[in-house]
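> Just data27.cif, nothing more (mmCIF, C-alpha atoms):
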data_coords
loop_
_atom_site.label_atom_id
_atom_site.label_comp_id
_atom_site.auth_asym_id
_atom_site.auth_seq_id
_atom_site.Cartn_x
_atom_site.Cartn_y
_atom_site.Cartn_z
CA MET A 1431 34.47 111.69 278.22
CA LYS A 1432 33.09 111.35 281.73
CA GLN A 1433 30.65 114.23 281.35
CA VAL A 1434 29.02 112.73 278.25
CA LEU A 1435 27.80 109.63 280.06
CA LYS A 1436 26.45 111.63 282.97
CA GLU A 1437 24.67 114.02 280.60
CA LEU A 1438 23.14 111.17 278.61
CA ARG A 1439 21.95 109.51 281.79
CA THR A 1440 20.36 112.65 283.23
CA GLU A 1441 18.80 113.49 279.84
CA ILE A 1442 16.69 110.35 280.01
CA GLY A 1443 16.07 110.80 283.73
CA LEU A 1444 17.86 107.75 285.06
CA THR A 1445 19.59 107.51 288.41
CA GLN A 1446 23.01 105.87 288.62
CA GLN A 1447 21.36 102.82 290.18
CA GLU A 1448 18.78 102.58 287.39
CA LEU A 1449 21.43 102.87 284.70
CA GLY A 1450 23.47 100.22 286.51
CA ASP A 1451 20.44 97.90 286.57
CA LYS A 1452 19.85 98.38 282.84
CA LEU A 1453 23.49 97.57 282.09
CA SER A 1454 23.72 94.79 284.73
CA VAL A 1455 26.52 96.57 286.56
CA SER A 1456 26.78 98.03 290.05
CA ARG A 1457 26.14 101.66 290.97
CA GLN A 1458 29.83 101.85 291.91
CA ALA A 1459 30.70 100.94 288.32
CA ILE A 1460 28.50 103.76 286.98
CA ILE A 1461 30.10 106.24 289.40
CA ALA A 1462 33.56 105.09 288.31
CA LEU A 1463 32.62 105.42 284.63
CA GLU A 1464 31.15 108.89 285.10
CA THR A 1465 34.16 110.12 287.03
CA GLY A 1466 36.63 108.61 284.59
CA LYS A 1467 38.04 106.21 287.18
CA HIS A 1468 37.17 103.18 285.10
CA ILE A 1469 37.64 102.68 281.38
CA PRO A 1470 34.93 100.30 280.18
CA SER A 1471 35.64 97.06 278.38
CA LEU A 1472 34.58 96.93 274.74
CA ASP A 1473 31.58 94.82 275.73
CA LEU A 1474 30.36 97.34 278.31
CA ALA A 1475 31.04 100.25 275.96
CA TYR A 1476 28.90 98.50 273.29
CA LYS A 1477 26.11 97.98 275.85
CA ILE A 1478 26.17 101.65 276.82
CA ALA A 1479 26.26 102.76 273.20
CA ALA A 1480 23.31 100.50 272.36
CA LEU A 1481 21.31 101.76 275.33
CA PHE A 1482 21.74 105.39 274.31
CA LYS A 1483 21.55 104.54 270.57
CA LYS A 1484 24.80 106.35 269.85
CA PRO A 1485 28.16 105.32 268.40
CA ILE A 1486 30.72 104.43 271.07
CA GLU A 1487 32.98 107.34 270.14
CA GLU A 1488 30.24 109.86 270.84
CA ILE A 1489 30.22 108.65 274.43
CA PHE A 1490 33.81 107.58 275.02
CA GLU A 1491 36.54 109.54 273.37
CA ASN A 1492 39.18 107.52 271.53
CA PRO A 1493 42.56 108.59 272.95
CA TYR A 1494 44.39 106.91 270.05
CA LEU A 1495 42.89 109.09 267.34
CA PRO A 1496 45.10 112.01 266.30
CA MET B 259 20.90 86.87 285.43
CA LYS B 260 21.58 88.14 288.94
CA THR B 261 21.65 91.85 289.69
CA ALA B 262 24.78 93.48 291.13
CA LYS B 263 23.05 93.64 294.50
CA GLN B 264 22.18 89.93 294.47
CA VAL B 265 25.77 89.07 293.56
CA GLN B 266 27.02 91.23 296.44
CA ASN B 267 24.52 89.65 298.85
CA ASP B 268 25.50 86.11 297.82
CA TYR B 269 29.14 86.98 298.41
CA THR B 270 28.54 88.56 301.83
CA LYS B 271 26.34 85.68 303.01
CA GLY B 272 28.77 83.04 301.69
CA ILE B 273 31.82 84.61 303.30
CA ILE B 274 30.04 85.07 306.65
CA LEU B 275 28.74 81.49 306.56
CA TYR B 276 32.14 79.92 305.89
CA ALA B 277 33.95 82.25 308.32
CA LEU B 278 31.51 81.27 311.08
CA LEU B 279 31.84 77.61 310.14
CA TYR B 280 35.64 77.90 310.24
CA ALA B 281 35.59 79.61 313.65
CA ALA B 282 33.07 77.14 315.08
CA ILE B 283 34.99 74.06 313.91
CA LEU B 284 38.32 75.57 314.96
CA PHE B 285 37.22 76.36 318.51
CA ALA B 286 35.32 73.07 318.84
CA SER B 287 38.40 71.14 317.65
CA ILE B 288 40.73 72.95 320.05
CA TYR B 289 38.28 72.33 322.88
CA ALA B 290 37.93 68.65 321.97
CA ILE B 291 41.70 68.13 321.74
CA ASN B 292 42.33 69.87 325.07
CA LYS B 293 39.47 68.08 326.81
CA PHE B 294 39.74 64.54 325.44
CA ASN B 295 43.29 64.34 324.10
CA PRO B 296 42.24 62.08 321.18
CA ASN B 297 44.63 59.91 319.18
CA ASN B 298 46.49 61.21 316.14
CA PHE B 299 43.94 59.84 313.67
CA VAL B 300 41.20 61.97 315.28
CA LYS B 301 43.55 64.98 315.38
CA ILE B 302 44.21 64.65 311.64
CA PHE B 303 40.47 64.42 311.04
CA LEU B 304 39.86 67.57 313.14
CA ALA B 305 42.64 69.41 311.30
CA LEU B 306 41.00 68.48 307.98
CA MET B 307 37.58 69.60 309.21
CA THR B 308 39.03 72.93 310.33
CA SER B 309 40.68 73.47 306.94
CA LEU B 310 37.70 72.56 304.73
CA PRO B 311 35.71 75.82 305.19
CA ILE B 312 38.69 77.67 303.67
CA GLY B 313 37.90 75.93 300.39
CA GLY B 314 34.32 77.20 300.78
CA THR B 315 35.43 80.81 301.12
CA ILE B 316 37.64 80.49 298.06
CA LEU B 317 34.72 79.05 296.06
CA VAL B 318 32.48 81.91 297.23
CA PHE B 319 35.18 84.41 296.23
CA LEU B 320 35.68 82.80 292.80
CA ASN B 321 31.93 82.83 292.24
CA TYR B 322 31.87 86.50 293.20
CA ILE B 323 34.55 87.54 290.73
CA LYS B 324 32.86 85.43 288.04
CA ASN B 325 29.46 87.12 288.52
CA ALA B 326 30.47 90.64 289.57
CA ASP B 327 30.71 93.40 286.99
CA GLU B 328 34.08 94.29 285.50
CA PHE B 329 34.69 97.28 287.79
CA ILE B 330 33.97 95.38 291.02
CA ARG B 331 35.99 92.41 289.74
CA ALA B 332 39.03 94.61 289.10
CA GLN B 333 38.70 96.18 292.56
CA VAL B 334 38.40 92.95 294.55
CA VAL B 335 41.08 91.13 292.61
CA GLU B 336 43.48 94.01 293.28
CA VAL B 337 42.62 93.94 297.00
CA PHE B 338 42.99 90.13 297.08
CA VAL B 339 46.44 90.26 295.48
CA LYS B 340 47.60 93.04 297.83
CA ALA B 341 46.27 91.16 300.87
CA THR B 342 48.05 88.00 299.70
CA GLY B 343 51.28 89.96 299.32
CA VAL B 344 51.02 91.49 302.79
CA THR B 345 50.22 88.06 304.28
CA PHE B 346 53.29 86.55 302.58
CA PHE B 347 55.34 89.46 303.88
CA ILE B 348 54.10 89.00 307.45
CA ALA B 349 54.60 85.20 307.32
CA THR B 350 58.13 85.48 305.93
CA PHE B 351 59.16 88.29 308.26
CA TRP B 352 57.68 86.64 311.34
CA GLY B 353 58.99 83.17 310.46
CA PHE B 354 62.49 84.53 310.01
CA MET B 355 62.26 86.41 313.31
CA GLU B 356 61.03 83.29 315.09
CA ASN B 357 64.05 81.35 313.87
CA TYR B 358 66.70 83.91 314.67
CA THR B 359 65.33 86.05 317.53
CA ALA B 360 63.41 85.42 320.72
CA ILE B 361 60.13 86.64 319.21
CA SER B 362 57.03 84.70 320.28
CA ASN B 363 55.53 81.99 318.05
CA ILE B 364 52.46 82.56 315.89
CA ASP B 365 50.77 79.31 314.93
CA PHE B 366 50.96 78.58 311.20
CA TYR B 367 47.19 78.08 310.93
CA MET B 368 46.71 81.73 311.90
CA THR B 369 47.67 82.61 308.30
CA TYR B 370 44.02 82.37 307.28
CA PRO B 371 42.59 84.94 309.73
CA ILE B 372 45.67 87.11 309.13
CA PHE B 373 44.91 87.06 305.39
CA TRP B 374 41.32 88.20 305.93
CA ALA B 375 42.49 90.92 308.32
CA CYS B 376 44.88 92.09 305.58
CA PHE B 377 42.04 91.88 303.04
CA GLY B 378 39.86 94.12 305.22
CA LEU B 379 42.73 96.53 305.75
CA MET B 380 43.53 96.75 302.03
CA GLN B 381 39.85 97.25 301.22
CA GLY B 382 39.67 100.06 303.78
CA ILE B 383 42.76 101.75 302.34
CA LYS B 384 41.29 101.50 298.82
CA LYS B 385 38.02 103.09 299.96
CA VAL B 386 39.80 105.95 301.74
CA ARG B 387 41.92 106.62 298.62
CA ALA B 388 38.91 106.51 296.24
#
Re-express the file's structure as structure tokens.

Amino acid sequence: MKQVLKELRTEIGLTQQELGDKLSVSRQAIIALETGKHIPSLDLAYKIAALFKKPIEEIFENPYLP
Amino acid sequence: MKTAKQVQNDYTKGIILYALLYAAILFASIYAINKFNPNNFVKIFLALMTSLPIGGTILVFLNYIKNADEFIRAQVVEVFVKATGVTFFIATFWGFMENYTAISNIDFYMTYPIFWACFGLMQGIKKVRA
């Protein structure tokens, strides 16, 4: 899960700070998301999905699916 | 909408401002009481003035957790709760010791600086563990 966000970010050439600015969150939040130390709220997950134009489950794996 | 950096800056400035205000009023009040030995009405007024900046720091903190992103909010709330717990522990432990042993007295109004010392300590521990 954590690698996907980092890959998507680097693909479009954004720094952690720039991604944070686009999502209105701190750089610390981006680091925590990329390292799997923070599970995003649904609202933030939607924002990230919209930014990368991908479904949420392509970015964040659903641990409740069999 | 404020950026994460602006929110952080507002918080830092607000906390510093009210902490300085608290310290200034506290020391000025102690000096005034020692120097002029005012009547009880003035002492109550000075006690109120010393306590008011605490409300300011709480407002700054509440504003911070309202405007900060969800990750930062979770972090600071956790640190705040832990610092509150440690402060309660210290106050209860020390108060009990004061009553039943010959341990020296710590003034009750020192709870506020003790809380912020605990807050700093808990924040430091969290950063080291991260």
> Counting all atoms listed in the file, what are the residues of chain A within 8 Å of chain B, and for each of them which pair of atoms is the nearest and at what distance in Å, to one decimal? Sort the table by chain and rising number, as a tab-separated table.

residue	atom	partner	partner_atom	distance
A:Asp1451	CA	B:Thr261	CA	6.9
A:Ser1454	CA	B:Thr261	CA	6.1
A:Val1455	CA	B:Asp327	CA	5.3
A:Ser1456	CA	B:Ala262	CA	5.1
A:Gln1458	CA	B:Ile330	CA	7.7
A:Ala1459	CA	B:Phe329	CA	5.4
A:Ala1462	CA	B:Phe329	CA	7.9
A:His1468	CA	B:Phe329	CA	6.9
A:Ser1471	CA	B:Glu328	CA	7.8
> Within 12 Å of B:Leu317, counting only C-alpha atoms, which residues qualify if same-chain residues fewer than 3 places away don't, as an mmCIF file with C-alpha atoms, keeping the file's coordinate frame?

data_model
loop_
_atom_site.group_PDB
_atom_site.id
_atom_site.type_symbol
_atom_site.label_atom_id
_atom_site.label_comp_id
_atom_site.auth_asym_id
_atom_site.auth_seq_id
_atom_site.Cartn_x
_atom_site.Cartn_y
_atom_site.Cartn_z
ATOM 1 C CA ASP B 268 25.500 86.110 297.820
ATOM 2 C CA TYR B 269 29.140 86.980 298.410
ATOM 3 C CA GLY B 272 28.770 83.040 301.690
ATOM 4 C CA ILE B 273 31.820 84.610 303.300
ATOM 5 C CA TYR B 276 32.140 79.920 305.890
ATOM 6 C CA LEU B 310 37.700 72.560 304.730
ATOM 7 C CA PRO B 311 35.710 75.820 305.190
ATOM 8 C CA ILE B 312 38.690 77.670 303.670
ATOM 9 C CA GLY B 313 37.900 75.930 300.390
ATOM 10 C CA GLY B 314 34.320 77.200 300.780
ATOM 11 C CA LEU B 320 35.680 82.800 292.800
ATOM 12 C CA ASN B 321 31.930 82.830 292.240
ATOM 13 C CA TYR B 322 31.870 86.500 293.200
ATOM 14 C CA ILE B 323 34.550 87.540 290.730
ATOM 15 C CA LYS B 324 32.860 85.430 288.040
#
> In Å to one decimal, how far is atom CA of B:Gly378 from atom CA of B:Gln333?
12.9 Å
> Would you compute the distance between atom CA of B:Ile364 and atom CA of B:Thr270? Give it in Å to one decimal.
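Separation between atom CA of B:Ile364 and atom CA of B:Thr270: 28.4 Å.
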> Using all atoms listed in the file, which residues sit within 10 Å of stretch 1477-1486 of chain A once same-chain residues fewer than 5 positions away are excluded, as number ranges by chain?
A: 1435, 1438-1439, 1442, 1449, 1452-1454, 1470-1472, 1491-1492
> How would the residues just chosen look if you wrote them out with C-alpha atoms as a short mmCIF file (atom, residue, chain, number, x, y, z; two decimals), in the coordinates of the input?

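Dumped everything to again.cif:
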data_model
loop_
_atom_site.label_atom_id
_atom_site.label_comp_id
_atom_site.auth_asym_id
_atom_site.auth_seq_id
_atom_site.Cartn_x
_atom_site.Cartn_y
_atom_site.Cartn_z
CA LEU A 1435 27.80 109.63 280.06
CA LEU A 1438 23.14 111.17 278.61
CA ARG A 1439 21.95 109.51 281.79
CA ILE A 1442 16.69 110.35 280.01
CA LEU A 1449 21.43 102.87 284.70
CA LYS A 1452 19.85 98.38 282.84
CA LEU A 1453 23.49 97.57 282.09
CA SER A 1454 23.72 94.79 284.73
CA PRO A 1470 34.93 100.30 280.18
CA SER A 1471 35.64 97.06 278.38
CA LEU A 1472 34.58 96.93 274.74
CA GLU A 1491 36.54 109.54 273.37
CA ASN A 1492 39.18 107.52 271.53
#
> Extract, using all atoms listed in the file, all DNA, RNA and protein residues at most 9 Å from A:Ala1475, discarding same-chain residues fewer than 6 positions from it, and format them as a list in words.
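Counting all atoms listed in the file, the residues come to Ile1469, Ile1486, Ile1489 and Phe1490 of chain A.
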> Please expand the PyMOL selection byres ((chain B and resi 348) around 12) into the concrete residues it hits in this file, giving the result as a short mmCIF file (atom, residue, chain, number, x, y, z; two decimals) with C-alpha atoms, keeping the file's coordinate frame.

data_model
loop_
_atom_site.label_atom_id
_atom_site.label_comp_id
_atom_site.auth_asym_id
_atom_site.auth_seq_id
_atom_site.Cartn_x
_atom_site.Cartn_y
_atom_site.Cartn_z
CA ALA B 341 46.27 91.16 300.87
CA THR B 342 48.05 88.00 299.70
CA GLY B 343 51.28 89.96 299.32
CA VAL B 344 51.02 91.49 302.79
CA THR B 345 50.22 88.06 304.28
CA PHE B 346 53.29 86.55 302.58
CA PHE B 347 55.34 89.46 303.88
CA ALA B 349 54.60 85.20 307.32
CA THR B 350 58.13 85.48 305.93
CA PHE B 351 59.16 88.29 308.26
CA TRP B 352 57.68 86.64 311.34
CA GLY B 353 58.99 83.17 310.46
CA PHE B 354 62.49 84.53 310.01
CA MET B 355 62.26 86.41 313.31
CA GLU B 356 61.03 83.29 315.09
CA ILE B 364 52.46 82.56 315.89
CA PHE B 366 50.96 78.58 311.20
CA MET B 368 46.71 81.73 311.90
CA THR B 369 47.67 82.61 308.30
CA ILE B 372 45.67 87.11 309.13
CA PHE B 373 44.91 87.06 305.39
CA ALA B 375 42.49 90.92 308.32
CA CYS B 376 44.88 92.09 305.58
#
> Any idea what the distance is between atom CA of B:Thr308 and atom CA of B:Asn292?
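If I compute the distance from atom CA of B:Thr308 to atom CA of B:Asn292, I get 15.4 Å.
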> Which of these residues is nearest to B:Tyr370, using all atoms listed in the file: B:Gln264, B:Ser309, B:Asn357, B:Asn325?
B:Ser309
> Which residue out of B:Tyr367, B:Tyr289, B:Tyr358, B:Phe338 has the minimum interatomic distance to B:Leu379 when only C-alpha atoms are used?
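Closest to B:Leu379 of all the choices is B:Phe338.
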> Restricting the calculation to all atoms listed in the file, which member of B:Met380, B:Ala277, B:Ala360, B:Ala290 is positioned closest to B:Val339?
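With all atoms listed in the file as the atom set, the closest residue is B:Met380.
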